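Have a look at upload17.txt; it's compact mmCIF, C-alpha atoms:
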```txt
# COMPACT_ATOMS: atom_id res chain seq x y z
CA MET A 1 87.43 -13.86 -43.32
CA ASN A 2 86.54 -17.53 -43.32
CA ARG A 3 86.33 -17.36 -39.57
CA MET A 4 83.75 -14.51 -39.79
CA LYS A 5 81.68 -16.46 -42.30
CA TYR A 6 81.73 -19.44 -39.98
CA VAL A 7 80.56 -17.36 -37.00
CA TRP A 8 77.71 -15.84 -39.02
CA MET A 9 76.66 -19.23 -40.34
CA MET A 10 76.70 -20.81 -36.90
CA SER A 11 74.72 -17.87 -35.49
CA LEU A 12 72.08 -18.30 -38.19
CA VAL A 13 71.85 -22.03 -37.50
CA ALA A 14 71.54 -21.38 -33.77
CA LEU A 15 68.81 -18.81 -34.36
CA VAL A 16 66.84 -21.21 -36.52
CA MET A 17 67.25 -24.04 -34.03
CA PHE A 18 66.28 -21.81 -31.10
CA SER A 19 63.20 -20.63 -32.90
CA ALA A 20 62.21 -24.19 -33.70
CA CYS A 21 62.72 -25.21 -30.10
CA THR A 22 60.53 -22.44 -28.69
CA GLU A 23 57.68 -22.73 -31.20
CA GLU A 24 54.57 -23.95 -29.37
CA VAL A 25 51.87 -26.08 -30.87
CA ILE A 26 48.70 -25.31 -28.96
CA ILE A 27 46.22 -28.13 -28.81
CA ASP A 28 42.69 -27.08 -27.91
CA SER A 29 41.41 -30.10 -26.04
CA SER A 30 37.88 -28.76 -26.19
CA LEU A 31 37.88 -29.44 -29.94
CA PRO A 32 38.22 -32.77 -31.76
CA GLN A 33 41.70 -33.71 -32.92
CA GLY A 34 41.77 -34.90 -36.50
CA THR A 35 38.68 -36.28 -38.13
CA PHE A 36 35.40 -36.25 -36.20
CA SER A 37 33.52 -39.50 -36.76
CA VAL A 38 29.77 -39.37 -36.22
CA ALA A 39 28.22 -42.30 -34.39
CA ARG A 40 24.68 -41.03 -33.90
CA SER A 41 22.80 -37.89 -34.91
CA GLY A 42 19.40 -36.24 -35.00
CA SER A 43 17.57 -32.96 -35.60
CA PHE A 44 16.35 -30.65 -32.88
CA VAL A 45 12.66 -30.55 -32.09
CA GLU A 46 11.60 -27.10 -30.89
CA GLN A 47 9.87 -26.66 -27.52
CA ASN A 48 8.14 -23.60 -26.06
CA SER A 49 8.39 -21.46 -29.19
CA THR A 50 12.13 -21.09 -28.81
CA GLY A 51 12.91 -21.65 -32.48
CA SER A 52 15.36 -24.46 -31.72
CA THR A 53 16.56 -26.00 -34.97
CA GLY A 54 19.56 -27.71 -36.50
CA MET A 55 21.44 -30.97 -36.15
CA ALA A 56 23.11 -32.60 -33.14
CA GLN A 57 25.73 -35.33 -33.53
CA LEU A 58 27.53 -37.60 -31.08
CA GLY A 59 30.88 -38.98 -32.16
CA THR A 60 34.61 -39.30 -31.48
CA ASP A 61 37.80 -37.73 -32.76
CA GLU A 62 40.95 -39.57 -33.88
CA ASP A 63 42.07 -39.85 -30.23
CA GLY A 64 38.81 -41.58 -29.30
CA VAL A 65 37.55 -38.61 -27.30
CA GLN A 66 33.79 -38.23 -27.42
CA PHE A 67 32.10 -34.96 -28.48
CA VAL A 68 28.65 -33.57 -29.12
CA LYS A 69 28.63 -31.45 -32.26
CA PHE A 70 26.01 -28.90 -33.32
CA GLY A 71 25.75 -28.23 -37.04
CA THR A 72 26.11 -24.89 -38.75
CA SER A 73 22.33 -24.41 -38.88
CA PHE A 74 21.91 -24.79 -35.11
CA SER A 75 19.88 -22.03 -33.50
CA THR A 76 17.70 -21.44 -30.46
CA ASN A 77 16.44 -18.52 -28.35
CA PHE A 78 19.39 -16.75 -26.73
CA ALA A 79 17.39 -13.66 -25.73
CA THR A 80 16.89 -15.22 -22.32
CA GLY A 81 20.61 -15.75 -21.78
CA THR A 82 22.67 -18.90 -22.03
CA VAL A 83 21.30 -22.36 -22.77
CA THR A 84 22.62 -25.51 -21.14
CA VAL A 85 23.27 -28.63 -23.20
CA TYR A 86 22.62 -32.07 -21.75
CA LEU A 87 22.92 -35.65 -22.89
CA SER A 88 19.87 -37.46 -21.60
CA LYS A 89 18.41 -40.93 -21.42
CA SER A 90 15.08 -39.57 -22.66
CA GLN A 91 13.73 -36.55 -24.51
CA THR A 92 12.51 -35.18 -21.17
CA TYR A 93 14.74 -33.51 -18.61
CA MET A 94 14.52 -35.96 -15.69
CA ALA A 95 16.30 -34.43 -12.73
CA ASP A 96 17.21 -36.60 -9.77
CA PRO A 97 19.81 -34.58 -7.89
CA ALA A 98 19.58 -36.76 -4.77
CA ASN A 99 21.04 -39.63 -6.80
CA GLY A 100 23.46 -37.60 -8.91
CA ASN A 101 21.13 -37.14 -11.89
CA PRO A 102 21.88 -40.54 -13.45
CA SER A 103 19.71 -39.80 -16.50
CA LEU A 104 21.50 -36.58 -17.39
CA ARG A 105 24.98 -35.42 -18.27
CA LEU A 106 25.71 -31.70 -18.52
CA VAL A 107 28.06 -31.31 -21.47
CA GLY A 108 28.19 -27.54 -21.83
CA ILE A 109 26.66 -24.11 -22.05
CA THR A 110 26.00 -22.27 -25.29
CA GLN A 111 25.24 -18.66 -26.05
CA LYS A 112 25.49 -18.64 -29.84
CA GLY A 113 24.14 -20.41 -32.87
CA GLY A 114 26.10 -22.30 -35.50
CA GLU A 115 28.69 -25.06 -35.42
CA GLN A 116 30.19 -25.91 -32.04
CA TYR A 117 31.58 -28.86 -30.10
CA PHE A 118 31.11 -30.01 -26.52
CA LYS A 119 33.58 -32.48 -25.08
CA VAL A 120 32.02 -35.47 -23.32
CA ASP A 121 34.43 -36.66 -20.68
CA PRO A 122 34.06 -39.36 -19.57
CA ALA A 123 32.29 -40.76 -22.59
CA VAL A 124 28.68 -41.87 -22.36
CA GLY A 125 27.16 -45.11 -23.57
CA SER A 126 24.26 -45.85 -25.84
CA GLU A 127 21.78 -45.38 -23.01
CA PHE A 128 22.06 -41.63 -23.56
CA THR A 129 19.65 -41.24 -26.43
CA HIS A 130 18.95 -37.51 -26.66
CA VAL A 131 20.57 -34.09 -26.62
CA ILE A 132 18.49 -31.63 -24.61
CA LEU A 133 18.52 -27.84 -24.72
CA TRP A 134 17.48 -26.60 -21.29
CA CYS A 135 17.06 -23.17 -19.74
CA ALA A 136 18.50 -24.19 -16.40
CA SER A 137 17.64 -21.01 -14.50
CA ALA A 138 13.95 -21.03 -15.36
CA GLY A 139 13.65 -24.79 -15.74
CA VAL A 140 12.18 -24.62 -19.22
CA PRO A 141 12.94 -27.04 -22.09
CA PHE A 142 14.03 -25.36 -25.32
CA GLY A 143 14.25 -28.48 -27.46
CA TYR A 144 15.64 -31.96 -27.90
CA ALA A 145 17.34 -34.00 -30.58
CA PRO A 146 17.01 -37.82 -30.67
CA LEU A 147 20.32 -39.50 -31.43
CA ASN A 148 19.77 -42.27 -33.95
CA MET B 1 -9.41 11.03 0.79
CA LYS B 2 -9.77 9.06 -2.38
CA TYR B 3 -6.30 9.86 -3.61
CA TRP B 4 -4.35 7.30 -1.67
CA LEU B 5 -5.21 4.59 -4.16
CA VAL B 6 -2.03 4.36 -6.03
CA ILE B 7 0.50 1.76 -6.97
CA SER B 8 0.70 -1.90 -7.22
CA VAL B 9 3.93 -3.28 -8.53
CA GLY B 10 4.75 -4.79 -11.86
CA LEU B 11 4.77 -8.49 -11.38
CA VAL B 12 5.84 -9.74 -14.73
CA ILE B 13 9.22 -9.52 -16.29
CA GLY B 14 7.89 -6.88 -18.62
CA THR B 15 6.85 -4.19 -16.23
CA TYR B 16 3.58 -2.46 -15.80
CA HIS B 17 2.03 -0.34 -13.11
CA ALA B 18 -1.44 0.30 -11.83
CA HIS B 19 -1.57 3.95 -10.90
CA ALA B 20 -4.13 6.21 -9.42
CA GLN B 21 -6.79 5.93 -12.05
CA SER B 22 -9.59 8.20 -10.89
CA GLY B 23 -11.57 11.22 -12.03
CA TRP B 24 -10.28 13.38 -9.20
CA VAL B 25 -7.27 15.65 -9.68
CA ARG B 26 -5.18 16.78 -6.75
CA GLU B 27 -5.81 20.35 -5.61
CA PRO B 28 -3.12 23.02 -6.21
CA GLY B 29 -0.35 22.93 -3.62
CA HIS B 30 -1.47 19.60 -2.25
CA TYR B 31 0.73 16.55 -2.45
CA PHE B 32 0.65 12.82 -1.98
CA VAL B 33 3.71 10.61 -1.58
CA LYS B 34 3.78 6.89 -1.11
CA ALA B 35 6.74 4.56 -0.58
CA ASP B 36 6.13 0.86 -0.61
CA ILE B 37 7.87 -2.44 -0.82
CA SER B 38 6.39 -5.38 -2.64
CA VAL B 39 7.08 -9.06 -3.06
CA PHE B 40 5.97 -11.47 -5.75
CA ALA B 41 6.74 -15.12 -6.38
CA SER B 42 5.29 -17.64 -8.79
CA ASP B 43 6.24 -20.76 -10.70
CA GLN B 44 3.08 -20.62 -12.83
CA TYR B 45 3.98 -19.15 -16.20
CA TYR B 46 1.42 -18.75 -18.98
CA ASN B 47 3.23 -18.80 -22.28
CA PRO B 48 2.38 -16.81 -25.45
CA GLN B 49 -0.18 -19.47 -26.37
CA GLY B 50 -1.80 -19.14 -22.95
CA VAL B 51 -0.65 -22.59 -21.88
CA ARG B 52 0.42 -22.96 -18.26
CA GLN B 53 3.96 -24.12 -17.55
CA VAL B 54 5.51 -24.89 -14.21
CA THR B 55 8.98 -23.35 -14.04
CA SER B 56 11.49 -22.52 -11.35
CA SER B 57 9.97 -19.97 -9.03
CA PHE B 58 10.31 -16.42 -10.35
CA ARG B 59 10.67 -13.76 -7.66
CA GLN B 60 10.52 -10.01 -7.66
CA GLN B 61 11.05 -7.60 -4.80
CA ALA B 62 10.72 -3.88 -5.33
CA LEU B 63 10.99 -0.56 -3.57
CA ASN B 64 8.78 2.06 -5.18
CA VAL B 65 8.06 5.74 -4.71
CA TYR B 66 4.98 7.42 -6.14
CA ALA B 67 4.15 11.12 -5.84
CA GLU B 68 1.41 13.51 -6.92
CA TYR B 69 1.43 17.30 -6.75
CA GLY B 70 -1.36 19.71 -7.67
CA LEU B 71 -0.05 22.36 -10.04
CA ALA B 72 -3.25 24.20 -10.93
CA PRO B 73 -6.99 23.89 -10.29
CA ARG B 74 -7.29 21.32 -13.09
CA LEU B 75 -3.74 20.05 -13.43
CA ALA B 76 -1.50 17.74 -11.40
CA VAL B 77 1.84 16.12 -12.05
CA HIS B 78 2.64 12.58 -10.95
CA LEU B 79 5.86 10.63 -10.72
CA ALA B 80 6.25 6.87 -10.38
CA ALA B 81 9.77 5.72 -9.59
CA PRO B 82 10.56 2.04 -9.09
CA LEU B 83 13.78 2.78 -7.22
CA VAL B 84 15.07 -0.76 -6.85
CA ARG B 85 13.99 -4.05 -8.34
CA LEU B 86 15.42 -7.46 -7.59
CA ASN B 87 14.49 -10.10 -10.14
CA SER B 88 15.52 -13.69 -9.72
CA PHE B 89 14.62 -17.31 -10.10
CA GLU B 90 15.01 -19.66 -7.18
CA THR B 91 18.04 -21.01 -9.04
CA THR B 92 19.81 -17.67 -9.52
CA ALA B 93 21.27 -14.70 -7.75
CA PRO B 94 19.14 -11.58 -8.19
CA ALA B 95 19.50 -9.10 -11.03
CA ILE B 96 19.28 -5.69 -9.40
CA GLY B 97 18.43 -2.33 -10.90
CA GLN B 98 15.98 0.52 -11.02
CA GLY B 99 12.78 0.32 -13.01
CA ASP B 100 11.38 2.56 -15.71
CA LEU B 101 10.52 6.08 -14.57
CA ARG B 102 7.03 7.30 -15.32
CA LEU B 103 5.91 10.93 -15.47
CA GLU B 104 2.25 11.81 -15.59
CA LEU B 105 0.24 14.91 -16.33
CA LYS B 106 -3.35 14.65 -15.16
CA TYR B 107 -5.97 17.13 -16.34
CA ALA B 108 -9.51 17.51 -15.04
CA LEU B 109 -11.83 17.48 -18.03
CA LEU B 110 -14.87 17.76 -15.77
CA LYS B 111 -15.12 18.66 -12.12
CA GLY B 112 -18.06 18.23 -9.79
CA PRO B 113 -19.94 15.18 -8.50
CA VAL B 114 -18.88 13.03 -11.45
CA PRO B 115 -15.34 14.17 -12.29
CA ILE B 116 -13.57 13.02 -15.42
CA SER B 117 -9.82 13.17 -15.91
CA LEU B 118 -7.35 12.57 -18.70
CA THR B 119 -3.83 11.45 -17.82
CA VAL B 120 -0.92 11.32 -20.22
CA SER B 121 2.03 9.29 -18.97
CA PRO B 122 5.33 8.92 -20.77
CA GLU B 123 7.41 6.08 -19.42
CA LEU B 124 11.13 6.39 -19.89
CA PRO B 125 13.51 3.43 -20.34
CA THR B 126 15.56 4.23 -17.25
CA GLY B 127 15.67 0.63 -16.03
CA ARG B 128 18.27 -1.96 -16.97
CA ALA B 129 17.18 -3.32 -20.34
CA ASN B 130 19.49 -6.28 -19.85
CA ALA B 131 20.41 -7.65 -16.46
CA ALA B 132 22.10 -11.02 -16.17
CA ALA B 133 21.25 -13.19 -13.19
CA ALA B 134 23.84 -15.91 -12.56
CA ASN B 135 22.78 -19.48 -11.95
CA ARG B 136 23.87 -20.56 -8.47
CA ASN B 137 24.33 -24.21 -9.47
CA ILE B 138 25.87 -24.05 -12.94
CA PRO B 139 28.86 -21.69 -13.29
CA GLY B 140 28.64 -19.68 -16.50
CA ASP B 141 24.91 -20.11 -16.93
CA VAL B 142 22.97 -16.83 -16.85
CA ILE B 143 19.46 -15.64 -17.55
CA ASN B 144 18.44 -12.16 -18.62
CA LEU B 145 16.03 -10.60 -16.12
CA PRO B 146 15.75 -6.91 -17.08
CA THR B 147 14.47 -4.39 -14.55
CA GLY B 148 13.11 -2.21 -17.36
CA ASP B 149 11.62 -3.06 -20.74
CA GLY B 150 14.08 -0.94 -22.73
CA GLU B 151 11.48 1.09 -24.62
CA PHE B 152 9.77 4.47 -24.44
CA ASN B 153 6.00 4.17 -24.13
CA LEU B 154 3.07 6.49 -23.62
CA VAL B 155 -0.02 5.64 -21.61
CA SER B 156 -3.20 7.72 -21.98
CA THR B 157 -5.90 7.18 -19.38
CA LEU B 158 -9.48 8.41 -19.17
CA ALA B 159 -11.17 7.99 -15.80
CA VAL B 160 -14.53 8.85 -14.28
CA SER B 161 -15.36 8.70 -10.58
CA SER B 162 -18.13 9.41 -8.15
CA SER B 163 -18.80 9.11 -4.45
CA LEU B 164 -21.83 8.57 -2.28
CA GLY B 165 -21.48 8.81 1.47
CA PRO B 166 -18.56 6.61 2.54
CA TRP B 167 -18.49 4.87 -0.84
CA TYR B 168 -16.77 5.81 -4.05
CA GLY B 169 -16.27 4.19 -7.43
CA THR B 170 -14.12 4.65 -10.52
CA LEU B 171 -14.18 3.35 -14.07
CA TRP B 172 -11.19 3.85 -16.31
CA GLY B 173 -9.73 2.89 -19.65
CA ALA B 174 -6.24 3.34 -21.03
CA TYR B 175 -4.17 2.79 -24.13
CA ASN B 176 -0.49 1.98 -23.80
CA LEU B 177 1.30 3.03 -26.96
CA ARG B 178 4.47 1.00 -26.99
CA THR B 179 7.44 1.50 -29.25
CA ALA B 180 10.43 -0.72 -29.95
CA TYR B 181 13.56 -2.19 -28.49
CA ARG B 182 16.49 -2.48 -30.89
CA GLY B 183 14.16 -2.27 -33.85
CA GLU B 184 11.70 -4.87 -32.63
CA ILE B 185 8.21 -3.47 -32.11
CA PHE B 186 6.12 -4.15 -29.02
CA LYS B 187 2.39 -4.78 -29.19
CA ASP B 188 0.24 -1.93 -27.88
CA LEU B 189 -2.03 -2.62 -24.91
CA TRP B 190 -5.62 -1.80 -24.00
CA LEU B 191 -6.46 -1.55 -20.34
CA MET B 192 -9.78 -1.27 -18.52
CA GLY B 193 -10.54 -1.24 -14.86
CA ALA B 194 -12.96 -0.55 -12.06
CA GLU B 195 -12.53 0.25 -8.42
CA VAL B 196 -14.89 0.44 -5.50
CA GLY B 197 -13.92 1.75 -2.08
CA VAL B 198 -15.47 2.47 1.26
CA ALA B 199 -14.53 4.17 4.51
CA PRO B 200 -16.15 1.97 7.16
CA LYS B 201 -14.88 4.30 9.89
CA PRO B 202 -12.95 7.57 9.97
CA GLY B 203 -9.37 7.15 8.82
CA LEU B 204 -9.78 3.67 7.37
CA TRP B 205 -10.29 3.01 3.67
CA LEU B 206 -10.82 -0.32 1.96
CA ASN B 207 -11.00 -0.96 -1.75
CA VAL B 208 -11.30 -3.64 -4.37
CA LYS B 209 -9.91 -3.24 -7.86
CA LEU B 210 -10.37 -5.14 -11.10
CA ARG B 211 -8.00 -4.58 -13.98
CA ASN B 212 -8.05 -6.10 -17.45
CA GLN B 213 -5.23 -5.86 -19.95
CA HIS B 214 -5.51 -6.85 -23.60
CA ALA B 215 -2.72 -6.87 -26.15
CA THR B 216 -3.24 -5.85 -29.76
CA GLY B 217 -1.65 -9.09 -30.90
CA LEU B 218 0.30 -12.10 -29.77
CA PRO B 219 3.98 -11.86 -28.88
CA VAL B 220 5.98 -12.99 -31.89
CA SER B 221 9.47 -11.76 -31.17
CA GLN B 222 11.62 -14.12 -29.13
CA SER B 223 13.70 -11.28 -27.80
CA LEU B 224 10.66 -9.29 -26.62
CA GLY B 225 8.24 -11.98 -25.54
CA PHE B 226 9.42 -13.64 -22.35
CA VAL B 227 12.26 -11.32 -21.46
CA ARG B 228 10.50 -7.98 -21.94
CA GLY B 229 6.90 -8.92 -21.35
CA ASP B 230 5.57 -8.18 -24.81
CA ALA B 231 1.82 -8.62 -25.43
CA THR B 232 1.05 -9.58 -21.87
CA ALA B 233 -2.64 -10.11 -21.20
CA PHE B 234 -4.44 -10.82 -17.93
CA SER B 235 -7.18 -9.94 -15.47
CA GLN B 236 -6.12 -8.90 -12.00
CA LEU B 237 -8.09 -8.53 -8.80
CA GLY B 238 -6.70 -6.54 -5.89
CA PHE B 239 -7.69 -5.56 -2.39
CA GLY B 240 -6.27 -2.58 -0.54
CA LEU B 241 -6.29 -0.98 2.86
CA TYR B 242 -5.24 2.46 4.03
CA GLN B 243 -5.17 3.28 7.74
CA LYS B 244 -4.47 6.90 8.54
CA ILE B 245 -2.23 7.33 11.55
CA SER B 246 -2.18 11.12 11.51
CA ALA B 247 -3.71 13.93 9.54
CA ASN B 248 -0.85 13.70 7.07
CA GLY B 249 -0.31 10.03 6.52
CA GLY B 250 -0.64 6.39 7.38
CA PHE B 251 0.17 2.91 6.21
CA THR B 252 -1.12 0.87 3.32
CA ALA B 253 -1.34 -2.82 2.54
CA ASP B 254 -2.32 -4.36 -0.77
CA VAL B 255 -2.72 -7.84 -2.16
CA SER B 256 -3.50 -8.75 -5.74
CA ALA B 257 -3.70 -11.86 -7.86
CA ILE B 258 -4.01 -12.80 -11.52
CA LEU B 259 -7.42 -14.30 -12.32
CA PRO B 260 -8.27 -17.10 -14.77
CA GLY B 261 -10.44 -14.59 -16.69
CA PRO B 262 -12.23 -12.78 -18.20
CA VAL B 263 -9.01 -11.96 -20.07
CA GLY B 264 -6.95 -15.07 -20.74
CA ARG B 265 -3.47 -15.17 -19.22
CA VAL B 266 -0.81 -14.67 -21.87
CA ASN B 267 2.93 -14.32 -21.35
CA ILE B 268 2.67 -13.74 -17.62
CA TYR B 269 3.63 -15.27 -14.30
CA ALA B 270 0.44 -15.65 -12.29
CA GLY B 271 0.70 -15.34 -8.54
CA PRO B 272 -0.02 -13.08 -5.61
CA THR B 273 1.67 -9.76 -5.03
CA LEU B 274 1.86 -8.35 -1.52
CA SER B 275 2.89 -4.81 -0.72
CA VAL B 276 3.06 -2.57 2.31
CA GLY B 277 3.74 1.13 2.25
CA TRP B 278 3.62 4.46 3.94
CA VAL B 279 1.81 7.58 2.79
CA TRP B 280 2.51 11.27 3.36
CA GLU B 281 -0.13 13.67 2.12
CA LYS B 282 -1.54 17.13 2.38
```

Before we go any further, please render this structure as structure tokens.
Amino acid sequence: MNRMKYVWMMSLVALVMFSACTEEVIIDSSLPQGTFSVARSGSFVEQNSTGSTGMAQLGTDEDGVQFVKFGTSFSTNFATGTVTVYLSKSQTYMADPANGNPSLRLVGITQKGGEQYFKVDPAVGSEFTHVILWCASAGVPFGYAPLN
Amino acid sequence: MKYWLVISVGLVIGTYHAHAQSGWVREPGHYFVKADISVFASDQYYNPQGVRQVTSSFRQQALNVYAEYGLAPRLAVHLAAPLVRLNSFETTAPAIGQGDLRLELKYALLKGPVPISLTVSPELPTGRANAAAANRNIPGDVINLPTGDGEFNLVSTLAVSSSLGPWYGTLWGAYNLRTAYRGEIFKDLWLMGAEVGVAPKPGLWLNVKLRNQHATGLPVSQSLGFVRGDATAFSQLGFGLYQKISANGGFTADVSAILPGPVGRVNIYAGPTLSVGWVWEK
């Protein structure tokens, strides 16, 4: 009888240990880990009647990874499709593809309003002063946010 | 002979057509069919405030069929079918689809040397109301370039014509009663136009056309304005040629352009449209 109890107990322990071993912790590297610390931020200025509004922030997570964050009130015109998000050295989209677009860094594409993060890898320096919303297909600016 | 004056192609994202506005109505049992291809390209966009913006080049190619058939001494039926449209920017692959189908009933209010006609034209939302064109340079980036405006609308046209020797002329006015797309209401449109043509020699017709379009308000909806061509306003000048090759048909060539005025350019790409086509008629 004691032998049966022992087998059952050991089976239960093995089951618990096996479960613990196979449990996966999924880390979404596209999102900040831990606390997001804001370094610079600014509000969007609408361009071309696109209704762009809300707050953009540039900061890092607890691992030192840099992100651009849009606040919950972020919105723009998505009727035309997706909108590309750039970090820029000015409020104007200054393309220079022959030299690798040194004044721009594409950080992501958005198709919805509200809070969202865009990973900036590798991180940018203080020379990138604005977040730009850009309709890349038509080449039309939708708005910009100065990062102060 | 005056009936060959038919289609030019919609050249804005929100589609429109310039059909055979004239006082003449096709005789019973007679028909007219035209197939044409057209090309348009422009990077000059006039926004809802009428301010010019330089964008990536917008391009549209289309294959259209237009037909008229005389049903009765005063009544004809017309059909305009944009069979294929390719909309793109220079940065994207094309969005491909058919356009909005238009049926027309044309009635002769007055026959004789100065005929007057009334045409009622329902346009059905048979085109793709949403058509994503993928950016060639940025994976995942798309722009919506519909091949139809997604709404039912009704165009009523009153036209008066006359001819003198090899010359003819037409004046017309129309009201485009537009409805809504997903609950958002389009602005109605007023249209007015004039056309003068001449046959300098047998079998050859030349014409010049002026068309003005006014909206009943400014585009306010973001989802209708740029994407579906709401409240588009413009003046357009066109020149056409029809060379008969046989008793039953010939080829056509047309060119048109958006003018600076008299109607200010609102919510439209301004540029030239070229088209060539073939006509079968009896």

When distances are computed from only C-alpha atoms, which of A:Asn99, A:Glu62, A:Phe74, A:Pro141 shows the smallest separation from chain B?
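Distance minimum relative to chain B lands on A:Pro141.
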
Check every residue of chain B for an atom within 10 Å of chain A, counting all atoms listed in the file, and provide those that qualify as a PyMOL selection string.
chain B and resi 43+47-49+51+53-58+88-93+130-146+220-228

Show me, as a PyMOL selection string, the residues that have an atom within 12 Å of Ala123 (chain A) when counting only C-alpha atoms, minus same-chain residues fewer than 3 positions from it.
chain A and resi 58-61+64-68+87+105-107+118-120+126-128

Record the distance separating CA of Ala257 (chain B) and CA of Gln213 (chain B), expressed in Å with one decimal.
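Result for CA of Ala257 (chain B) versus CA of Gln213 (chain B): 13.6 Å, one decimal.
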
What is the distance between CA of Phe40 (chain B) and CA of Leu158 (chain B), in Å to one decimal?
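A separation of 28.5 Å between them.
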
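With all atoms listed in the file as the atoms that count, the minimum distance from Ala39 (chain A) to the choices A:Ser75, A:Gln57, A:Thr92, A:Asn101 is reached by A:Gln57.
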
Two-atom distance - CA of Val196 (chain B), CA of Ala174 (chain B) (Å):
18.0 Å

Spatial neighbours of Ala159 (chain B), max dist 12 Å, all atoms listed in the file, sep filter under 5 positions, as a VMD selection string
chain B and resid 19 to 25 106 to 111 114 to 120 169 to 174 191 to 195

Report as a ChimeraX atom specification all protein, DNA and RNA residues lying within 10 Å of Leu154 (chain B), evaluated on only C-alpha atoms, omitting residues in the same chain fewer than 6 positions from it.
/B:102-104,120-124,175-179,188

Each side padded by 6 Å, which centre and which edge lengths in Å (one decimal) define the axis-aligned box around the listed atoms of region 71-89 of chain B? Give them as AutoDock Vina command-line options.
```
--center_x 4.1 --center_y 3.4 --center_z -10.1 --size_x 34.8 --size_y 53.5 --size_z 18.6
```

Non-local contacts of Val33 (chain B) (7 Å; all atoms listed in the file; under 6 positions in same chain excluded) as a PyMOL selection string
chain B and resi 66-68+279-281

Of the candidates A:Gly113, A:Pro122, A:Gly34, A:Pro97, which one gets nearest to Met55 (chain A) if we count all atoms listed in the file?
A:Gly113

Using all atoms listed in the file, give me every residue within 6 Å of (13.0, -8.9, -7.2) in file coordinates, as a ChimeraX atom specification.
/B:59-62,85-88

Spatial neighbours of Asn148 (chain A), max dist 7 Å, all atoms listed in the file, sep filter under 5 positions, as a ChimeraX atom specification
/A:40-42

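Ranking B:Lys282, B:Val160, B:Leu204, B:Phe239 by their shortest atom-to-atom distance to Pro28 (chain B), with all atoms listed in the file included, puts B:Lys282 first.
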
Just add N, CA and C atoms to region 249-262 of chain B and send it as a PDB file, in the coordinates of the input.
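Generated file (selection-v4.pdb):
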```pdb
ATOM      1  N   GLY B 249      -0.835  11.281   7.060  1.00  0.00           N
ATOM      2  CA  GLY B 249      -0.310  10.030   6.520  1.00  0.00           C
ATOM      3  C   GLY B 249      -0.774   8.807   7.277  1.00  0.00           C
ATOM      4  N   GLY B 250      -0.283   7.661   6.782  1.00  0.00           N
ATOM      5  CA  GLY B 250      -0.640   6.390   7.380  1.00  0.00           C
ATOM      6  C   GLY B 250      -0.025   5.267   6.594  1.00  0.00           C
ATOM      7  N   PHE B 251      -0.428   4.047   6.904  1.00  0.00           N
ATOM      8  CA  PHE B 251       0.170   2.910   6.210  1.00  0.00           C
ATOM      9  C   PHE B 251      -0.827   2.239   5.280  1.00  0.00           C
ATOM     10  N   THR B 252      -0.291   1.562   4.311  1.00  0.00           N
ATOM     11  CA  THR B 252      -1.120   0.870   3.320  1.00  0.00           C
ATOM     12  C   THR B 252      -0.703  -0.594   3.248  1.00  0.00           C
ATOM     13  N   ALA B 253      -1.625  -1.410   2.822  1.00  0.00           N
ATOM     14  CA  ALA B 253      -1.340  -2.820   2.540  1.00  0.00           C
ATOM     15  C   ALA B 253      -2.198  -3.235   1.349  1.00  0.00           C
ATOM     16  N   ASP B 254      -1.613  -3.924   0.438  1.00  0.00           N
ATOM     17  CA  ASP B 254      -2.320  -4.360  -0.770  1.00  0.00           C
ATOM     18  C   ASP B 254      -1.980  -5.800  -1.088  1.00  0.00           C
ATOM     19  N   VAL B 255      -2.956  -6.494  -1.637  1.00  0.00           N
ATOM     20  CA  VAL B 255      -2.720  -7.840  -2.160  1.00  0.00           C
ATOM     21  C   VAL B 255      -3.454  -7.948  -3.482  1.00  0.00           C
ATOM     22  N   SER B 256      -2.841  -8.568  -4.440  1.00  0.00           N
ATOM     23  CA  SER B 256      -3.500  -8.750  -5.740  1.00  0.00           C
ATOM     24  C   SER B 256      -3.118 -10.104  -6.309  1.00  0.00           C
ATOM     25  N   ALA B 257      -3.942 -10.556  -7.230  1.00  0.00           N
ATOM     26  CA  ALA B 257      -3.700 -11.860  -7.860  1.00  0.00           C
ATOM     27  C   ALA B 257      -4.199 -11.827  -9.290  1.00  0.00           C
ATOM     28  N   ILE B 258      -3.577 -12.650 -10.133  1.00  0.00           N
ATOM     29  CA  ILE B 258      -4.010 -12.800 -11.520  1.00  0.00           C
ATOM     30  C   ILE B 258      -5.150 -13.813 -11.554  1.00  0.00           C
ATOM     31  N   LEU B 259      -6.236 -13.441 -12.248  1.00  0.00           N
ATOM     32  CA  LEU B 259      -7.420 -14.300 -12.320  1.00  0.00           C
ATOM     33  C   LEU B 259      -7.382 -15.189 -13.562  1.00  0.00           C
ATOM     34  N   PRO B 260      -8.169 -16.275 -13.556  1.00  0.00           N
ATOM     35  CA  PRO B 260      -8.270 -17.100 -14.770  1.00  0.00           C
ATOM     36  C   PRO B 260      -8.931 -16.355 -15.930  1.00  0.00           C
ATOM     37  N   GLY B 261      -9.737 -15.349 -15.663  1.00  0.00           N
ATOM     38  CA  GLY B 261     -10.440 -14.590 -16.690  1.00  0.00           C
ATOM     39  C   GLY B 261     -10.973 -13.311 -16.087  1.00  0.00           C
ATOM     40  N   PRO B 262     -11.719 -12.518 -16.853  1.00  0.00           N
ATOM     41  CA  PRO B 262     -12.230 -12.780 -18.200  1.00  0.00           C
ATOM     42  C   PRO B 262     -11.166 -12.705 -19.305  1.00  0.00           C
TER      43      PRO B 262
END
```
